[in-house]
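Enquirer: Structure below; questions to follow.
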Amino acid sequence: MMPHLIRAALYSPSPPQLVRCQYRAKLRRSRLGLPIGSRAGAQGVRQESQRQWGFVVDLRRCDGCKYCTQACQDTHYLAEDQEWIKVYEVEDENQNKYFIPRLCMQCENPPCVKVCPVEATFKNPDGVVLVDQHRCIGCRMCMAACPYEARYFNFTDSPKPPSPFDNPMPEFPVPQQRGTVGKCVLCVHYTHKGQLPACVEACRMDALYIADLNSDVMTNRSGETYKFSEYLRENDAFRFKEELNTSPRVWYVAGHGQTLGGGRWR
Amino acid sequence: MSAVLSPHYAEAGDVREAALRPILRPGSLFWVTVAVLGLIVLAGMVAYLHQLRFGLAVTGLNQRVSWGFYISNMVFFIGISYGGAMTSAILRLTNAPWRAPLSRMAETMAVVALMVGGLFPIIDLGRPDRMYNLLLHGQVGSPVVWDVVAITTYMAAGLLFLYLPLIPDIAVCRDRLGPAAGGLRRALYQLLSVGWQGTSQQRHILERGITVVAIIIIPLAVSVHSVLAWLFGVTSRPGWDSTIFAPYFVLGAMFSGVATVILIVAAFRKAYHLEAYIRQEHFQYLSYILLALTLAYSYFMFSEYLTVGYKMHETDGPLLQLLMTGRLAPFFWLFVVGGLVLPVLLIALPQTRNIAGITIASLAVLLGMWLKRFLIVVPGLAEPLMPSELTIYWPSRVEVAITLAAAAAIPLMMMLFFRVFPILSIYEMEEFAEVPAEHASETPDAEAE
């Protein structure tokens, strides 16, 4: 399939709703530990929103170039220490190196949302965990609660030169505000226009895929497109820390001797 | 027991003289101490202004260890506050007469330490200017909100617990110092003594009130420290993800709190010449409580580390290694030897069970428990959850300055408080002095166990 067709397929006709009150019922559900959005495993069930975003990382392809990190930092004008997609270098027993890119897992049961004292972090209708940096008080409880170290505190100001058009919002938090917490937003500012997230677009190894759990489709930069649920099954995809019941929406495909769903770095 | 009580302050005039001396004639040493402590506090305030200007980048915190000295200090200072309130409340409820000269200091320390400890979550905020969001958008599911509710409730109870027994003493100040004191202070005494005349009806109401607050403050203090523990316990971090955390924190708070009471009492006894009222026996009774708590805390800690260490799970195991044999081992063993073994020896051995020995034991416990709080907060964050290396946290000068200022603020605020209000509970000491010695000796030993 041609990339532009996939993009058309992924195009969400409804722009992201910025009106917070529409999420309230769902926020409450998430806080009670009830499932929100579609269930894991991509059953193709149509939920409240057109899209339920997911992500797939093919560890067999990743060569640790960190283009994704760079692209993310460029897109969101992040300080050096803010690696919303961070590439870990791991050594297996035979001293062979492999790489694990880690972005926000967009948990269905996100611990960070539960512990936020001011409801500054929430899940949007597309299943993406966002932060309202106008509300965040910077207590960093969410950072302590996140089992994936996916949240970053803005110790310094954003490197972006100030502009009269600056209007940071949860979907496009640029520039980052000092003293608040930031995290991967799965580039919802791109996906709602039918574009790929910055990291996916930058992955020259085609290791990163964006997926929609509702339409059960996943695709990467080169337009390789698979039926999402089948791909997960056929490639023995796993998720980090299943036992915590956070139900992440980022799946990994192992290939370089990683222990499937086991080992210290599950 | 009777030796502790009646003979030494049988004459009411003496108690009043000793309790009012710091108000009437503070002496030059008082002002020198206030100036020194004030400068340390001022330095901390300057450091905080610097942090407000440049953000938390001026701390040693980083992306992984995002809580450090400030959160350790919060747990520590609220902990000692809790210990002060609990010591006083339990001794009141068990009607231990020997507490009379100590309770005022313990209750004042409880309020002052809570004021200091309660500031730390605010100091730690990235955006303290948005604190009001906790009221506007407070989310009951968050342990941070539980903390805000618990600390403010406990603060109200602590103030009441300090104020109620103070009413008759303020009346003494009003009557004795009224004419000599300035207009402002006279008005203050007049206002706060709420028309106390010492009638039997007033005494009855007051004693009922004190008992009720003493009962209420115990579960309140337990809840405050449990909630602090759940701030850590609700996460899935190594070392924090523990069911034992709430009682563990409550016990640790009481442990460090009793040590603080002993230290504060020793310091004020020396500085304000209260030797006639606070005697070695008082220290020994408190030291028995401290000994029991040391052993209980050691038991909790042993139980926690044994169950974790036996299994050596993939995340808890490295944390245990870090503490016991790794980079933090010197600090951990310093706590075990200095904060647990040394105090037990000092209190258990009759040769060192004197005021000096007990004071040293308390100081060791206090420093050790600060270290323990640090060893709870920081390694739990420094230990990686994802495939990467351990992160090192080293506090910046700003954090050290603010911590020292907090430590100095407690004696400073207490000194200033005792500049206006009596340091000894005149009312209670006179009350117990009236009780015949044989009657008084029935109760106290049960508490000292």
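Letters A, B, ... go to the chains of the structure tokens in the order shown; residues in each chain start at 1; ligands are counted from 1 in the same order.
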Need to verify the contact set: Gln70 in chain A, 9 Å, only C-alpha atoms, exclusion of same-chain residues closer than 5 positions in sequence. Can you return it as number ranges by chain?
Expert: A: 75, 83, 85, 199, 202
Enquirer: Name the residues of range 119-264 of chain A that come out as alpha helix (DSSP H) in a backbone DSSP run; write them as an MDAnalysis selection string.
Expert: chainID A and resid 141:145 188:191 198:202 228:234
Enquirer: Sorted by chain and rising residue number, list the residues of chain A at most 10 Å from chain B (counting only C-alpha atoms), each with its closest atom pair and distance in Å to one decimal, as JSON lines.
Expert:
{"residue": "A:Arg28", "atom": "CA", "partner": "B:Gly141", "partner_atom": "CA", "distance": 9.9}
{"residue": "A:Arg31", "atom": "CA", "partner": "B:Gly141", "partner_atom": "CA", "distance": 7.1}
{"residue": "A:Leu32", "atom": "CA", "partner": "B:Gly141", "partner_atom": "CA", "distance": 8.6}
{"residue": "A:Asp81", "atom": "CA", "partner": "B:Gln63", "partner_atom": "CA", "distance": 7.5}
{"residue": "A:Gln82", "atom": "CA", "partner": "B:Gln63", "partner_atom": "CA", "distance": 8.2}
{"residue": "A:Glu83", "atom": "CA", "partner": "B:Gln63", "partner_atom": "CA", "distance": 9.8}
{"residue": "A:Val87", "atom": "CA", "partner": "B:Pro387", "partner_atom": "CA", "distance": 9.6}
{"residue": "A:Tyr88", "atom": "CA", "partner": "B:Pro387", "partner_atom": "CA", "distance": 6.3}
{"residue": "A:Glu89", "atom": "CA", "partner": "B:Pro387", "partner_atom": "CA", "distance": 7.5}
{"residue": "A:Val90", "atom": "CA", "partner": "B:Pro387", "partner_atom": "CA", "distance": 6.6}
{"residue": "A:Glu91", "atom": "CA", "partner": "B:Pro387", "partner_atom": "CA", "distance": 9.5}
{"residue": "A:Phe99", "atom": "CA", "partner": "B:Pro387", "partner_atom": "CA", "distance": 9.7}
{"residue": "A:Ile100", "atom": "CA", "partner": "B:Pro387", "partner_atom": "CA", "distance": 8.3}
{"residue": "A:Arg102", "atom": "CA", "partner": "B:Met386", "partner_atom": "CA", "distance": 8.8}
{"residue": "A:Pro111", "atom": "CA", "partner": "B:Thr235", "partner_atom": "CA", "distance": 7.9}
{"residue": "A:Cys112", "atom": "CA", "partner": "B:Thr235", "partner_atom": "CA", "distance": 9.4}
{"residue": "A:Val113", "atom": "CA", "partner": "B:Ser142", "partner_atom": "CA", "distance": 9.0}
{"residue": "A:Lys114", "atom": "CA", "partner": "B:Gly141", "partner_atom": "CA", "distance": 6.3}
{"residue": "A:Val115", "atom": "CA", "partner": "B:Ser142", "partner_atom": "CA", "distance": 4.3}
{"residue": "A:Cys116", "atom": "CA", "partner": "B:Ser142", "partner_atom": "CA", "distance": 5.7}
{"residue": "A:Pro117", "atom": "CA", "partner": "B:Ser142", "partner_atom": "CA", "distance": 4.9}
{"residue": "A:Val118", "atom": "CA", "partner": "B:His137", "partner_atom": "CA", "distance": 4.9}
{"residue": "A:Glu119", "atom": "CA", "partner": "B:Gln139", "partner_atom": "CA", "distance": 6.3}
{"residue": "A:Ala120", "atom": "CA", "partner": "B:His137", "partner_atom": "CA", "distance": 8.6}
{"residue": "A:His134", "atom": "CA", "partner": "B:Arg130", "partner_atom": "CA", "distance": 9.0}
{"residue": "A:Arg135", "atom": "CA", "partner": "B:Asn133", "partner_atom": "CA", "distance": 7.0}
{"residue": "A:Cys136", "atom": "CA", "partner": "B:Arg127", "partner_atom": "CA", "distance": 7.6}
{"residue": "A:Ile137", "atom": "CA", "partner": "B:Arg127", "partner_atom": "CA", "distance": 4.8}
{"residue": "A:Gly138", "atom": "CA", "partner": "B:Gly126", "partner_atom": "CA", "distance": 4.1}
{"residue": "A:Cys139", "atom": "CA", "partner": "B:Leu125", "partner_atom": "CA", "distance": 4.9}
{"residue": "A:Arg140", "atom": "CA", "partner": "B:Ser66", "partner_atom": "CA", "distance": 6.9}
{"residue": "A:Met141", "atom": "CA", "partner": "B:Val144", "partner_atom": "CA", "distance": 7.7}
{"residue": "A:Cys142", "atom": "CA", "partner": "B:Thr235", "partner_atom": "CA", "distance": 9.2}
{"residue": "A:Met143", "atom": "CA", "partner": "B:Ser66", "partner_atom": "CA", "distance": 7.5}
{"residue": "A:Ala144", "atom": "CA", "partner": "B:Thr235", "partner_atom": "CA", "distance": 6.7}
{"residue": "A:Ala145", "atom": "CA", "partner": "B:Thr235", "partner_atom": "CA", "distance": 4.7}
{"residue": "A:Cys146", "atom": "CA", "partner": "B:Thr235", "partner_atom": "CA", "distance": 7.7}
{"residue": "A:Pro147", "atom": "CA", "partner": "B:Leu385", "partner_atom": "CA", "distance": 6.5}
{"residue": "A:Tyr148", "atom": "CA", "partner": "B:Met386", "partner_atom": "CA", "distance": 6.2}
{"residue": "A:Glu149", "atom": "CA", "partner": "B:Leu385", "partner_atom": "CA", "distance": 6.9}
{"residue": "A:Ala150", "atom": "CA", "partner": "B:Met386", "partner_atom": "CA", "distance": 9.6}
{"residue": "A:Arg151", "atom": "CA", "partner": "B:Gln63", "partner_atom": "CA", "distance": 8.2}
{"residue": "A:Tyr152", "atom": "CA", "partner": "B:Gln63", "partner_atom": "CA", "distance": 6.0}
{"residue": "A:Phe153", "atom": "CA", "partner": "B:Gln63", "partner_atom": "CA", "distance": 6.4}
{"residue": "A:Asn154", "atom": "CA", "partner": "B:Gly126", "partner_atom": "CA", "distance": 8.5}
{"residue": "A:Phe155", "atom": "CA", "partner": "B:Ala57", "partner_atom": "CA", "distance": 4.8}
{"residue": "A:Thr156", "atom": "CA", "partner": "B:Ala57", "partner_atom": "CA", "distance": 6.2}
{"residue": "A:Asp157", "atom": "CA", "partner": "B:Gly55", "partner_atom": "CA", "distance": 9.1}
{"residue": "A:Gln177", "atom": "CA", "partner": "B:Arg127", "partner_atom": "CA", "distance": 9.8}
{"residue": "A:Arg178", "atom": "CA", "partner": "B:Gly55", "partner_atom": "CA", "distance": 7.3}
{"residue": "A:Gly179", "atom": "CA", "partner": "B:Gly126", "partner_atom": "CA", "distance": 4.0}
{"residue": "A:Thr180", "atom": "CA", "partner": "B:Gly126", "partner_atom": "CA", "distance": 6.1}
{"residue": "A:Val181", "atom": "CA", "partner": "B:Gly126", "partner_atom": "CA", "distance": 8.8}
{"residue": "A:Phe240", "atom": "CA", "partner": "B:Met386", "partner_atom": "CA", "distance": 9.4}
{"residue": "A:Leu244", "atom": "CA", "partner": "B:Ser236", "partner_atom": "CA", "distance": 8.0}
{"residue": "A:Gly263", "atom": "CA", "partner": "B:Glu314", "partner_atom": "CA", "distance": 8.0}
{"residue": "A:Arg264", "atom": "CA", "partner": "B:Glu314", "partner_atom": "CA", "distance": 5.6}
{"residue": "A:Trp265", "atom": "CA", "partner": "B:Pro387", "partner_atom": "CA", "distance": 6.0}
{"residue": "A:Arg266", "atom": "CA", "partner": "B:Met386", "partner_atom": "CA", "distance": 8.6}
Enquirer: Excluding Phe335 in chain B and residues on its chain fewer than 2 positions from it, collect all residues at most 9 Å away from it, counting only C-alpha atoms, and give them as a PyMOL selection string.
Expert: chain B and resi 330-333+337-341+364-365+367-369+371-372
Enquirer: So, counting only C-alpha atoms, which residue among A:Asp132, A:Ser222, A:Val253, A:Ala207 is closest to Arg239 in chain A?
Expert: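 Closest to Arg239 in chain A of all the choices is A:Val253.
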Enquirer: Could you tell me which of B:Leu349, B:Ile278, B:Ala35, B:Leu424 comes closest to Pro165 in chain B if we count only C-alpha atoms?
Expert: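 Result for the nearest residue to Pro165 in chain B: B:Leu424.
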Enquirer: Which residues are close to Arg233 in chain A, i.e. within 12 Å by only C-alpha atoms, leaving aside same-chain residues fewer than 2 positions away? Reply as a PyMOL selection string.
Expert: chain A and resi 41-42+226-231+235-238+251-253
Enquirer: Tell me, as JSON, numbers by chain, which residues lie within 12 Å of Glu17 in chain B, counting only C-alpha atoms; anything in the same chain fewer than 2 positions away does not count.
Expert: {"B": [9, 11, 12, 13, 14, 15, 19, 20, 21, 22, 23, 24, 25, 172, 173, 176, 177, 272, 273, 274, 276, 277, 422, 423, 424, 426]}
Enquirer: Can you work out the spacing between CA of Phe417 in chain B and CA of Ile170 in chain B in Å, to one decimal?
Expert: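 So the answer is 12.4 Å.
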Enquirer: How far is it from CA of Asp74 in chain A to CA of Glu201 in chain A, in Å with one decimal?
Expert: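 Pair CA of Asp74 in chain A / CA of Glu201 in chain A returns 12.6 Å.
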Enquirer: Enter the distance from CA of Asn109 in chain A to CA of Asp316 in chain B, in Å, rounded to one decimal.
Expert: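 Separating CA of Asn109 in chain A from CA of Asp316 in chain B is a distance of 23.3 Å.
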Enquirer: Using only C-alpha atoms, which residues sit within 12 Å of Pro173 in chain A once same-chain residues fewer than 6 positions away are excluded, as a VMD selection string?
Expert: chain A and resid 73 75 to 78 130 to 134 154 158 160 166 to 167 180 to 189
Enquirer: Name the residues of range 45-235 of chain A that fall into strand (DSSP E) according to DSSP on the backbone, using the chain letters and numbers of this document, as an MDAnalysis selection string.
Expert: chainID A and resid 53:58 86:91 97:102 121:123 129:131 151:153 181:183 208:212 217:219 225:227
Enquirer: Can you tell me, as a list in words, what residues are no more than 12 Å from Arg327 in chain B when counting only C-alpha atoms, ignoring any on the same chain fewer than 3 positions away?
Expert: Pro318, Leu319, Leu320, Gln321, Leu322, Leu323, Met324, Pro330, Phe331, Phe332, Trp333, Leu375, Pro379, Ala382, Glu383, Leu390, Thr391, Ile392 and Tyr393 of chain B
Enquirer: Pick the closest to Ala292 in chain B from B:Met254, B:Val116, B:Ala171, B:Val377: which is it, counting only C-alpha atoms?
Expert: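 Using only C-alpha atoms, the shortest distance to Ala292 in chain B belongs to B:Met254.
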